[in-house]
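Novice: Structure: coords.txt, compact mmCIF, C-alpha atoms.
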# COMPACT_ATOMS: atom_id res chain seq x y z
CA MET A 1392 83.40 105.14 -107.41
CA PRO A 1393 82.62 102.35 -109.88
CA VAL A 1394 83.65 98.91 -108.79
CA SER A 1395 84.06 96.71 -111.86
CA TRP A 1396 85.36 93.63 -110.11
CA LEU A 1397 84.74 92.24 -106.71
CA ARG A 1398 86.61 89.44 -105.09
CA TRP A 1399 84.47 86.99 -103.31
CA LEU A 1400 84.63 83.59 -101.82
CA LEU A 1401 82.72 80.60 -102.98
CA ARG A 1402 82.38 77.46 -101.02
CA TRP A 1403 82.19 74.51 -103.44
CA SER A 1404 81.85 71.05 -101.99
CA ASN A 1405 83.83 72.01 -98.90
CA VAL A 1406 86.42 73.79 -101.04
CA LYS A 1407 86.87 77.53 -100.68
CA THR A 1408 87.91 79.31 -103.83
CA THR A 1409 88.39 82.90 -104.95
CA ILE A 1410 87.13 84.30 -108.24
CA ASP A 1411 86.50 87.73 -109.75
CA LEU A 1412 82.98 88.63 -110.84
CA PRO A 1413 81.43 91.75 -112.38
CA ASP A 1414 79.79 93.83 -109.68
CA THR A 1415 76.38 93.89 -111.36
CA LEU A 1416 76.38 90.14 -111.87
CA LEU A 1417 77.22 89.58 -108.24
CA ARG A 1418 74.45 91.90 -107.10
CA GLN A 1419 71.95 90.17 -109.40
CA ALA A 1420 72.89 86.77 -108.03
CA ARG A 1421 72.59 87.96 -104.44
CA GLN A 1422 69.20 89.50 -105.17
CA ARG A 1423 68.04 86.24 -106.72
CA ALA A 1424 69.23 84.24 -103.69
CA LEU A 1425 67.45 86.72 -101.38
CA HIS A 1426 64.30 86.54 -103.48
CA GLU A 1427 64.27 82.74 -103.42
CA GLY A 1428 65.29 82.51 -99.79
CA ARG A 1429 68.24 80.27 -100.60
CA PRO A 1430 71.87 80.30 -99.52
CA PHE A 1431 73.93 82.28 -102.02
CA LYS A 1432 76.47 79.48 -102.45
CA ASP A 1433 73.75 76.95 -103.31
CA LEU A 1434 72.36 79.22 -105.99
CA VAL A 1435 75.79 79.81 -107.54
CA ALA A 1436 76.60 76.10 -107.48
CA GLU A 1437 73.33 75.31 -109.20
CA PHE A 1438 73.90 77.91 -111.91
CA ILE A 1439 77.39 76.59 -112.60
CA ARG A 1440 76.06 73.05 -112.81
CA GLN A 1441 73.33 74.13 -115.23
CA GLY A 1442 75.84 75.95 -117.39
CA LEU A 1443 78.15 72.97 -117.56
CA SER A 1444 75.34 70.59 -118.48
CA GLN A 1445 74.24 72.84 -121.33
CA VAL A 1446 77.64 72.47 -123.00
CA GLY A 1447 77.08 68.81 -123.70
CA ALA A 1448 73.32 69.13 -124.04
CA LYS A 1449 73.79 71.21 -127.19
CA SER A 1450 75.72 68.35 -128.76
CA ALA A 1451 73.23 65.83 -127.45
CA THR A 1452 70.43 67.57 -129.29
CA ARG A 1453 72.43 68.12 -132.48
CA PRO A 1454 70.64 66.59 -135.49
CA GLY A 1455 72.15 63.26 -136.42
CA SER A 1456 73.96 62.78 -133.14
CA PRO A 1457 73.41 59.39 -131.46
CA LEU A 1458 73.88 61.09 -128.09
CA GLU A 1459 70.86 61.73 -125.91
CA LEU A 1460 70.29 62.51 -122.28
CA ALA A 1461 68.23 59.69 -120.81
CA ALA A 1462 65.45 60.20 -118.32
CA ASP A 1463 67.84 59.29 -115.50
CA GLY A 1464 70.10 62.20 -116.52
CA LEU A 1465 72.88 60.01 -117.88
CA PRO A 1466 74.18 60.35 -121.44
CA VAL A 1467 73.47 57.50 -123.83
CA PHE A 1468 74.25 56.55 -127.40
CA ARG A 1469 70.95 55.18 -128.66
CA ARG A 1470 70.84 51.95 -130.61
CA ASP A 1471 69.73 51.69 -134.21
CA SER A 1472 68.81 48.01 -134.49
CA ALA A 1473 69.19 48.17 -138.27
CA VAL A 1474 72.93 48.79 -137.87
CA ALA A 1475 73.79 45.76 -135.74
CA PRO A 1476 70.99 43.28 -135.19
CA GLN A 1477 73.42 40.96 -133.38
CA ILE A 1478 75.34 42.60 -130.55
CA PRO A 1479 78.67 40.94 -129.68
CA SER A 1480 79.25 39.42 -126.28
CA LEU A 1481 81.13 41.27 -123.56
CA GLN A 1482 84.25 39.20 -124.19
CA GLU A 1483 84.10 39.93 -127.92
CA LEU A 1484 83.73 43.64 -127.21
CA LEU A 1485 86.68 43.62 -124.80
CA GLU A 1486 88.81 41.96 -127.48
CA LEU A 1487 87.56 44.46 -130.07
CA GLU A 1488 88.52 47.35 -127.79
CA TYR A 1489 92.04 46.01 -127.38
CA THR A 1490 92.61 45.16 -131.05
CA THR A 1491 91.26 48.56 -132.11
CA LEU A 1492 93.66 50.47 -129.88
CA ALA A 1493 96.57 48.19 -130.74
CA ALA A 1494 95.95 48.56 -134.48
CA GLU A 1495 95.86 52.36 -134.18
CA ASP A 1496 99.08 52.38 -132.18
CA GLN A 1497 100.83 50.17 -134.75
CA GLN A 1498 99.65 52.41 -137.58
CA ARG A 1499 100.87 55.49 -135.73
CA ALA A 1500 104.25 53.82 -135.31
CA GLY A 1501 104.46 53.14 -139.02
CA PHE A 1502 103.82 49.43 -138.92
CA PRO A 1503 101.08 47.76 -140.96
CA GLY A 1504 98.04 47.01 -138.82
CA MET B 1247 87.70 60.00 -99.54
CA PRO B 1248 86.58 56.69 -101.06
CA ALA B 1249 86.36 56.73 -104.83
CA SER B 1250 86.54 54.35 -107.75
CA LEU B 1251 88.65 54.64 -110.87
CA VAL B 1252 86.51 53.29 -113.70
CA ASP B 1253 87.91 51.35 -116.63
CA THR B 1254 87.07 52.38 -120.18
CA ASN B 1255 85.04 49.23 -120.83
CA VAL B 1256 82.62 50.24 -118.08
CA TRP B 1257 82.23 53.78 -119.44
CA LEU B 1258 81.57 52.34 -122.90
CA ALA B 1259 79.00 49.92 -121.50
CA ALA B 1260 77.28 52.75 -119.66
CA THR B 1261 77.26 54.93 -122.77
CA PHE B 1262 76.16 52.52 -125.51
CA GLU B 1263 72.55 51.47 -125.08
CA ALA B 1264 73.09 48.22 -126.99
CA HIS B 1265 76.11 47.12 -124.99
CA PRO B 1266 75.30 43.80 -123.28
CA CYS B 1267 76.20 45.28 -119.88
CA HIS B 1268 74.57 48.67 -120.41
CA GLN B 1269 71.90 48.47 -117.71
CA SER B 1270 74.24 46.87 -115.22
CA ALA B 1271 76.86 49.60 -115.64
CA ARG B 1272 74.31 52.41 -115.38
CA GLN B 1273 72.69 50.98 -112.27
CA LYS B 1274 76.06 50.79 -110.56
CA LEU B 1275 76.88 54.32 -111.66
CA LEU B 1276 73.60 55.70 -110.38
CA ALA B 1277 74.53 54.30 -106.98
CA ALA B 1278 77.73 56.35 -106.88
CA THR B 1279 77.68 59.56 -104.83
CA PRO B 1280 79.70 62.80 -104.63
CA ALA B 1281 81.29 61.35 -101.49
CA ASP B 1282 82.16 58.08 -103.27
CA PRO B 1283 82.45 59.11 -106.90
CA TRP B 1284 83.36 57.33 -110.11
CA LEU B 1285 86.58 58.71 -111.53
CA TRP B 1286 88.00 59.41 -114.97
CA CYS B 1287 91.72 59.75 -115.48
CA ARG B 1288 93.35 61.05 -118.66
CA ALA B 1289 94.16 57.53 -119.88
CA THR B 1290 90.55 56.33 -119.63
CA GLN B 1291 89.34 59.53 -121.27
CA GLN B 1292 91.75 58.99 -124.15
CA SER B 1293 90.68 55.37 -124.64
CA PHE B 1294 86.99 56.21 -124.35
CA LEU B 1295 87.18 58.97 -126.94
CA ARG B 1296 89.17 56.82 -129.37
CA LEU B 1297 86.92 53.78 -129.04
CA ALA B 1298 83.57 55.56 -128.93
CA SER B 1299 84.38 57.23 -132.25
CA THR B 1300 85.78 54.11 -133.94
CA ALA B 1301 83.43 52.58 -136.51
CA ALA B 1302 84.21 48.96 -135.57
CA VAL B 1303 83.18 49.71 -132.01
CA PHE B 1304 80.17 51.99 -132.42
CA ARG B 1305 78.70 49.91 -135.23
CA SER B 1306 79.08 46.77 -133.11
CA CYS B 1307 76.94 48.58 -130.55
CA GLY B 1308 74.27 49.49 -133.05
CA VAL B 1309 75.23 53.09 -133.70
CA GLU B 1310 75.35 54.26 -137.31
CA ARG B 1311 77.87 57.06 -136.77
CA ALA B 1312 79.53 58.57 -133.73
CA THR B 1313 81.87 61.45 -134.47
CA ASN B 1314 84.70 62.81 -132.37
CA ALA B 1315 82.34 65.62 -131.35
CA ASP B 1316 79.73 63.08 -130.24
CA ALA B 1317 82.30 61.21 -128.14
CA MET B 1318 83.54 64.42 -126.51
CA ALA B 1319 79.98 65.55 -125.82
CA ALA B 1320 79.28 62.24 -124.11
CA LEU B 1321 82.42 62.60 -122.00
CA GLU B 1322 81.43 66.14 -121.02
CA GLN B 1323 78.01 64.92 -120.01
CA TRP B 1324 79.52 62.25 -117.77
CA LEU B 1325 81.70 64.87 -116.12
CA VAL B 1326 78.72 67.10 -115.35
CA LEU B 1327 77.27 64.49 -113.03
CA ARG B 1328 77.82 65.08 -109.34
CA GLN B 1329 78.87 61.47 -108.76
CA VAL B 1330 81.54 61.63 -111.48
CA ALA B 1331 84.91 63.39 -111.31
CA PHE B 1332 88.21 63.71 -113.14
CA VAL B 1333 91.49 63.09 -111.32
CA GLU B 1334 95.03 63.95 -112.28
CA GLU B 1335 97.71 61.28 -112.06
CA PRO B 1336 98.58 60.84 -108.38
CA PRO B 1337 102.18 60.87 -107.18
CA GLY B 1338 104.01 57.56 -107.12
CA VAL B 1339 102.41 55.99 -110.18
CA MET B 1340 105.67 55.28 -111.98
CA ALA B 1341 107.02 52.96 -109.30
CA HIS B 1342 103.80 50.95 -109.17
CA TRP B 1343 103.55 50.87 -112.97
CA ALA B 1344 107.07 49.51 -113.37
CA ARG B 1345 106.52 46.95 -110.64
CA LEU B 1346 103.30 45.68 -112.22
CA ALA B 1347 104.17 45.83 -115.91
CA ALA B 1348 107.89 45.28 -116.41
CA VAL B 1349 107.64 41.50 -116.38
CA ASP B 1350 109.78 39.10 -118.34
CA GLN B 1351 107.06 38.32 -120.86
CA VAL B 1352 105.89 39.57 -124.25
CA ALA B 1353 102.68 41.14 -122.99
CA PRO B 1354 101.86 44.49 -124.65
CA LYS B 1355 98.32 44.64 -123.21
CA LEU B 1356 99.86 44.64 -119.77
CA TRP B 1357 101.18 48.20 -120.13
CA MET B 1358 97.78 49.88 -120.12
CA ASP B 1359 96.23 47.48 -117.62
CA ALA B 1360 99.17 47.92 -115.28
CA TYR B 1361 99.03 51.69 -115.69
CA LEU B 1362 95.38 51.84 -114.63
CA ALA B 1363 96.09 49.49 -111.75
CA ALA B 1364 99.06 51.67 -110.74
CA VAL B 1365 96.94 54.84 -110.83
CA ALA B 1366 94.32 53.17 -108.65
CA ILE B 1367 96.88 51.87 -106.16
CA ALA B 1368 98.77 55.17 -105.98
CA GLY B 1369 95.54 57.15 -105.57
CA GLY B 1370 94.10 54.81 -102.98
CA TRP B 1371 91.10 54.13 -105.21
CA ARG B 1372 89.20 51.00 -106.11
CA LEU B 1373 89.28 49.97 -109.77
CA ILE B 1374 86.03 49.01 -111.48
CA SER B 1375 86.22 46.92 -114.65
CA PHE B 1376 84.68 44.10 -116.63
CA ASP B 1377 88.14 42.83 -117.54
CA ARG B 1378 89.05 39.77 -115.50
CA ASP B 1379 92.74 40.22 -116.35
CA PHE B 1380 92.94 42.80 -113.55
CA ARG B 1381 92.64 40.02 -110.98
CA SER B 1382 96.36 39.36 -111.46
CA PHE B 1383 97.09 42.70 -109.75
CA GLN B 1384 95.06 42.03 -106.62
CA PRO B 1385 97.88 40.25 -104.77
CA GLN B 1386 99.99 43.34 -105.47
CA GLY B 1387 97.62 45.75 -103.77
CA LEU B 1388 94.87 46.47 -106.29
CA ASP B 1389 91.40 46.92 -104.80
CA LEU B 1390 89.33 45.55 -107.66
CA TRP B 1391 85.58 45.58 -108.21
CA LEU B 1392 85.07 43.17 -111.07
CA LEU B 1393 81.61 43.66 -112.55
CA PRO B 1394 79.78 40.53 -113.69
CA PRO B 1395 79.59 40.03 -117.46
CA ALA B 1396 75.79 39.73 -117.51
CA ALA B 1397 73.24 42.24 -116.26
Take the structure in the file and write it out as structure tokens.

Specialist:
Amino acid sequence: MPVSWLRWLLRWSNVKTTIDLPDTLLRQARQRALHEGRPFKDLVAEFIRQGLSQVGAKSATRPGSPLELAADGLPVFRRDSAVAPQIPSLQELLELEYTTLAAEDQQRAGFPG
Amino acid sequence: MPASLVDTNVWLAATFEAHPCHQSARQKLLAATPADPWLWCRATQQSFLRLASTAAVFRSCGVERATNADAMAALEQWLVLRQVAFVEEPPGVMAHWARLAAVDQVAPKLWMDAYLAAVAIAGGWRLISFDRDFRSFQPQGLDLWLLPPAA
């Protein structure tokens, strides 16, 4: 009798959750865990993490995007020194952040910025 | 579980390479762990996305063009990290927010600052920011980690 869906339990950072997976996919994942001698839950967690990281990585590698993944694994918007040779101070940037948001809010409310 | 709600200015500093506090913010973030993570809430996400894709901001940080898609991709990359998490608004925020913000002054900036402080207090989280204005909430229960302005 074909079994198209199988309910299984996944432990994820001390959280137990229930999801439905195709039978063949589940068997493949279990075989891979057996082959590598790793706990099944560790393998699934790693695959999910890889899949999630690829979502943003596609954008990070998009031509023209300032976004890159740095060597430390953190995202970064790289600097083009030709755009702003003089970087504002922290205080100036904090004020710019506030005035930018306030101006947008005023415009949205129909008041001149 | 200990955790820290992180202000938008810290996320921007960590994201923009040319930000004067870039290295400082990233070093602190790399020290976070899954057991003591750095948190996004919807309000900081909203502010980050708006500011990171605003020309006045990204050009000040030496970036020629950062689109909405670029800003969202950066946010998604932050959320992939094991030491970073998103949290929904915890119960009880409204009472804290009103207590902190509804003062008898004309102070529009206070609404957002007080909201973040209220979320941190209600969630039992520390707030991390470069903005010294948050010190005014410490006597009212805010656990504040004020990052130094220089690296």

Novice: Excluding same-chain residues fewer than 2 positions from B:Arg1328, what lies within 12 Å of it counting only C-alpha atoms, as a VMD selection string?

Specialist: (chain A and resid 1403 to 1404 1436 to 1437 1439 to 1441 1443 to 1444 1464 to 1465) or (chain B and resid 1275 to 1285 1323 to 1326 1330 to 1332)

Novice: Give me, please, the distance in Å between atom CA of B:Ala1341 and atom CA of B:Val1365, quoted to one decimal.

Specialist: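 Separation of atom CA of B:Ala1341 and atom CA of B:Val1365: 10.4 Å.
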
Novice: With a cut-off of 9 Å and counting all atoms listed in the file, select all residues of chain A in contact with chain B and give the selection as a VMD selection string.

Specialist: chain A and resid 1404 1440 to 1441 1443 to 1451 1455 to 1460 1463 to 1482 1484 to 1485 1487 to 1489 1491 to 1493

Novice: Between atom CA of B:Leu1346 and atom CA of B:Ala1360, measure the distance and give it in Å to one decimal.

Specialist: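 Atom-to-atom, atom CA of B:Leu1346 to atom CA of B:Ala1360, that is 5.6 Å.
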
Novice: Atom CA of A:Ala1494 and atom CA of B:Leu1373, how far apart in Å?

Specialist: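 Those two atoms sit 25.6 Å apart.
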
Novice: Just need stretch 1453-1477 of chain A in a file, please: N, CA and C atoms, as an mmCIF file, in the first residue's frame.

Specialist:
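Saved the output as part-v7.cif:
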data_model
loop_
_atom_site.group_PDB
_atom_site.id
_atom_site.type_symbol
_atom_site.label_atom_id
_atom_site.label_comp_id
_atom_site.auth_asym_id
_atom_site.auth_seq_id
_atom_site.Cartn_x
_atom_site.Cartn_y
_atom_site.Cartn_z
ATOM 1 N N ARG A 1453 23.468 38.598 -6.628
ATOM 2 C CA ARG A 1453 22.822 39.217 -7.781
ATOM 3 C C ARG A 1453 23.703 40.350 -8.312
ATOM 4 N N PRO A 1454 23.903 40.420 -9.633
ATOM 5 C CA PRO A 1454 24.742 41.492 -10.179
ATOM 6 C C PRO A 1454 24.221 42.869 -9.785
ATOM 7 N N GLY A 1455 25.098 43.712 -9.337
ATOM 8 C CA GLY A 1455 24.707 45.072 -8.974
ATOM 9 C C GLY A 1455 24.281 45.232 -7.535
ATOM 10 N N SER A 1456 24.063 44.124 -6.848
ATOM 11 C CA SER A 1456 23.645 44.234 -5.446
ATOM 12 C C SER A 1456 24.852 44.580 -4.571
ATOM 13 N N PRO A 1457 24.669 45.512 -3.619
ATOM 14 C CA PRO A 1457 25.771 45.820 -2.701
ATOM 15 C C PRO A 1457 25.943 44.746 -1.633
ATOM 16 N N LEU A 1458 24.997 43.811 -1.574
ATOM 17 C CA LEU A 1458 25.008 42.817 -0.496
ATOM 18 C C LEU A 1458 25.969 41.671 -0.811
ATOM 19 N N GLU A 1459 26.785 41.358 0.163
ATOM 20 C CA GLU A 1459 27.685 40.209 0.076
ATOM 21 C C GLU A 1459 27.624 39.453 1.386
ATOM 22 N N LEU A 1460 28.067 38.217 1.337
ATOM 23 C CA LEU A 1460 28.272 37.470 2.573
ATOM 24 C C LEU A 1460 29.753 37.537 2.895
ATOM 25 N N ALA A 1461 30.086 38.107 4.029
ATOM 26 C CA ALA A 1461 31.488 38.264 4.411
ATOM 27 C C ALA A 1461 32.071 36.925 4.831
ATOM 28 N N ALA A 1462 33.371 36.910 5.002
ATOM 29 C CA ALA A 1462 34.053 35.667 5.381
ATOM 30 C C ALA A 1462 33.568 35.138 6.730
ATOM 31 N N ASP A 1463 33.104 36.034 7.595
ATOM 32 C CA ASP A 1463 32.604 35.598 8.898
ATOM 33 C C ASP A 1463 31.157 35.097 8.843
ATOM 34 N N GLY A 1464 30.582 35.071 7.630
ATOM 35 C CA GLY A 1464 29.229 34.552 7.461
ATOM 36 C C GLY A 1464 28.135 35.580 7.645
ATOM 37 N N LEU A 1465 28.500 36.810 7.979
ATOM 38 C CA LEU A 1465 27.507 37.853 8.193
ATOM 39 C C LEU A 1465 27.282 38.639 6.900
ATOM 40 N N PRO A 1466 26.055 39.083 6.671
ATOM 41 C CA PRO A 1466 25.798 39.905 5.487
ATOM 42 C C PRO A 1466 26.426 41.288 5.636
ATOM 43 N N VAL A 1467 26.782 41.877 4.501
ATOM 44 C CA VAL A 1467 27.386 43.213 4.539
ATOM 45 C C VAL A 1467 27.071 43.956 3.252
ATOM 46 N N PHE A 1468 26.793 45.240 3.383
ATOM 47 C CA PHE A 1468 26.692 46.123 2.232
ATOM 48 C C PHE A 1468 28.061 46.768 2.045
ATOM 49 N N ARG A 1469 28.746 46.388 0.972
ATOM 50 C CA ARG A 1469 30.096 46.868 0.749
ATOM 51 C C ARG A 1469 30.113 48.349 0.392
ATOM 52 N N ARG A 1470 31.210 48.986 0.775
ATOM 53 C CA ARG A 1470 31.353 50.417 0.533
ATOM 54 C C ARG A 1470 31.973 50.685 -0.831
ATOM 55 N N ASP A 1471 31.435 51.672 -1.513
ATOM 56 C CA ASP A 1471 32.058 52.223 -2.706
ATOM 57 C C ASP A 1471 32.570 53.604 -2.303
ATOM 58 N N SER A 1472 33.870 53.736 -2.123
ATOM 59 C CA SER A 1472 34.422 54.984 -1.577
ATOM 60 C C SER A 1472 34.181 56.171 -2.492
ATOM 61 N N ALA A 1473 33.860 55.902 -3.767
ATOM 62 C CA ALA A 1473 33.586 57.012 -4.686
ATOM 63 C C ALA A 1473 32.245 57.665 -4.362
ATOM 64 N N VAL A 1474 31.359 56.919 -3.719
ATOM 65 C CA VAL A 1474 30.010 57.449 -3.434
ATOM 66 C C VAL A 1474 30.047 58.430 -2.269
ATOM 67 N N ALA A 1475 30.729 58.080 -1.211
ATOM 68 C CA ALA A 1475 30.769 58.941 -0.021
ATOM 69 C C ALA A 1475 32.164 58.894 0.588
ATOM 70 N N PRO A 1476 33.040 59.740 0.101
ATOM 71 C CA PRO A 1476 34.406 59.738 0.656
ATOM 72 C C PRO A 1476 34.423 60.088 2.134
ATOM 73 N N GLN A 1477 33.484 60.924 2.575
ATOM 74 C CA GLN A 1477 33.413 61.328 3.981
ATOM 75 C C GLN A 1477 32.186 60.666 4.621
#
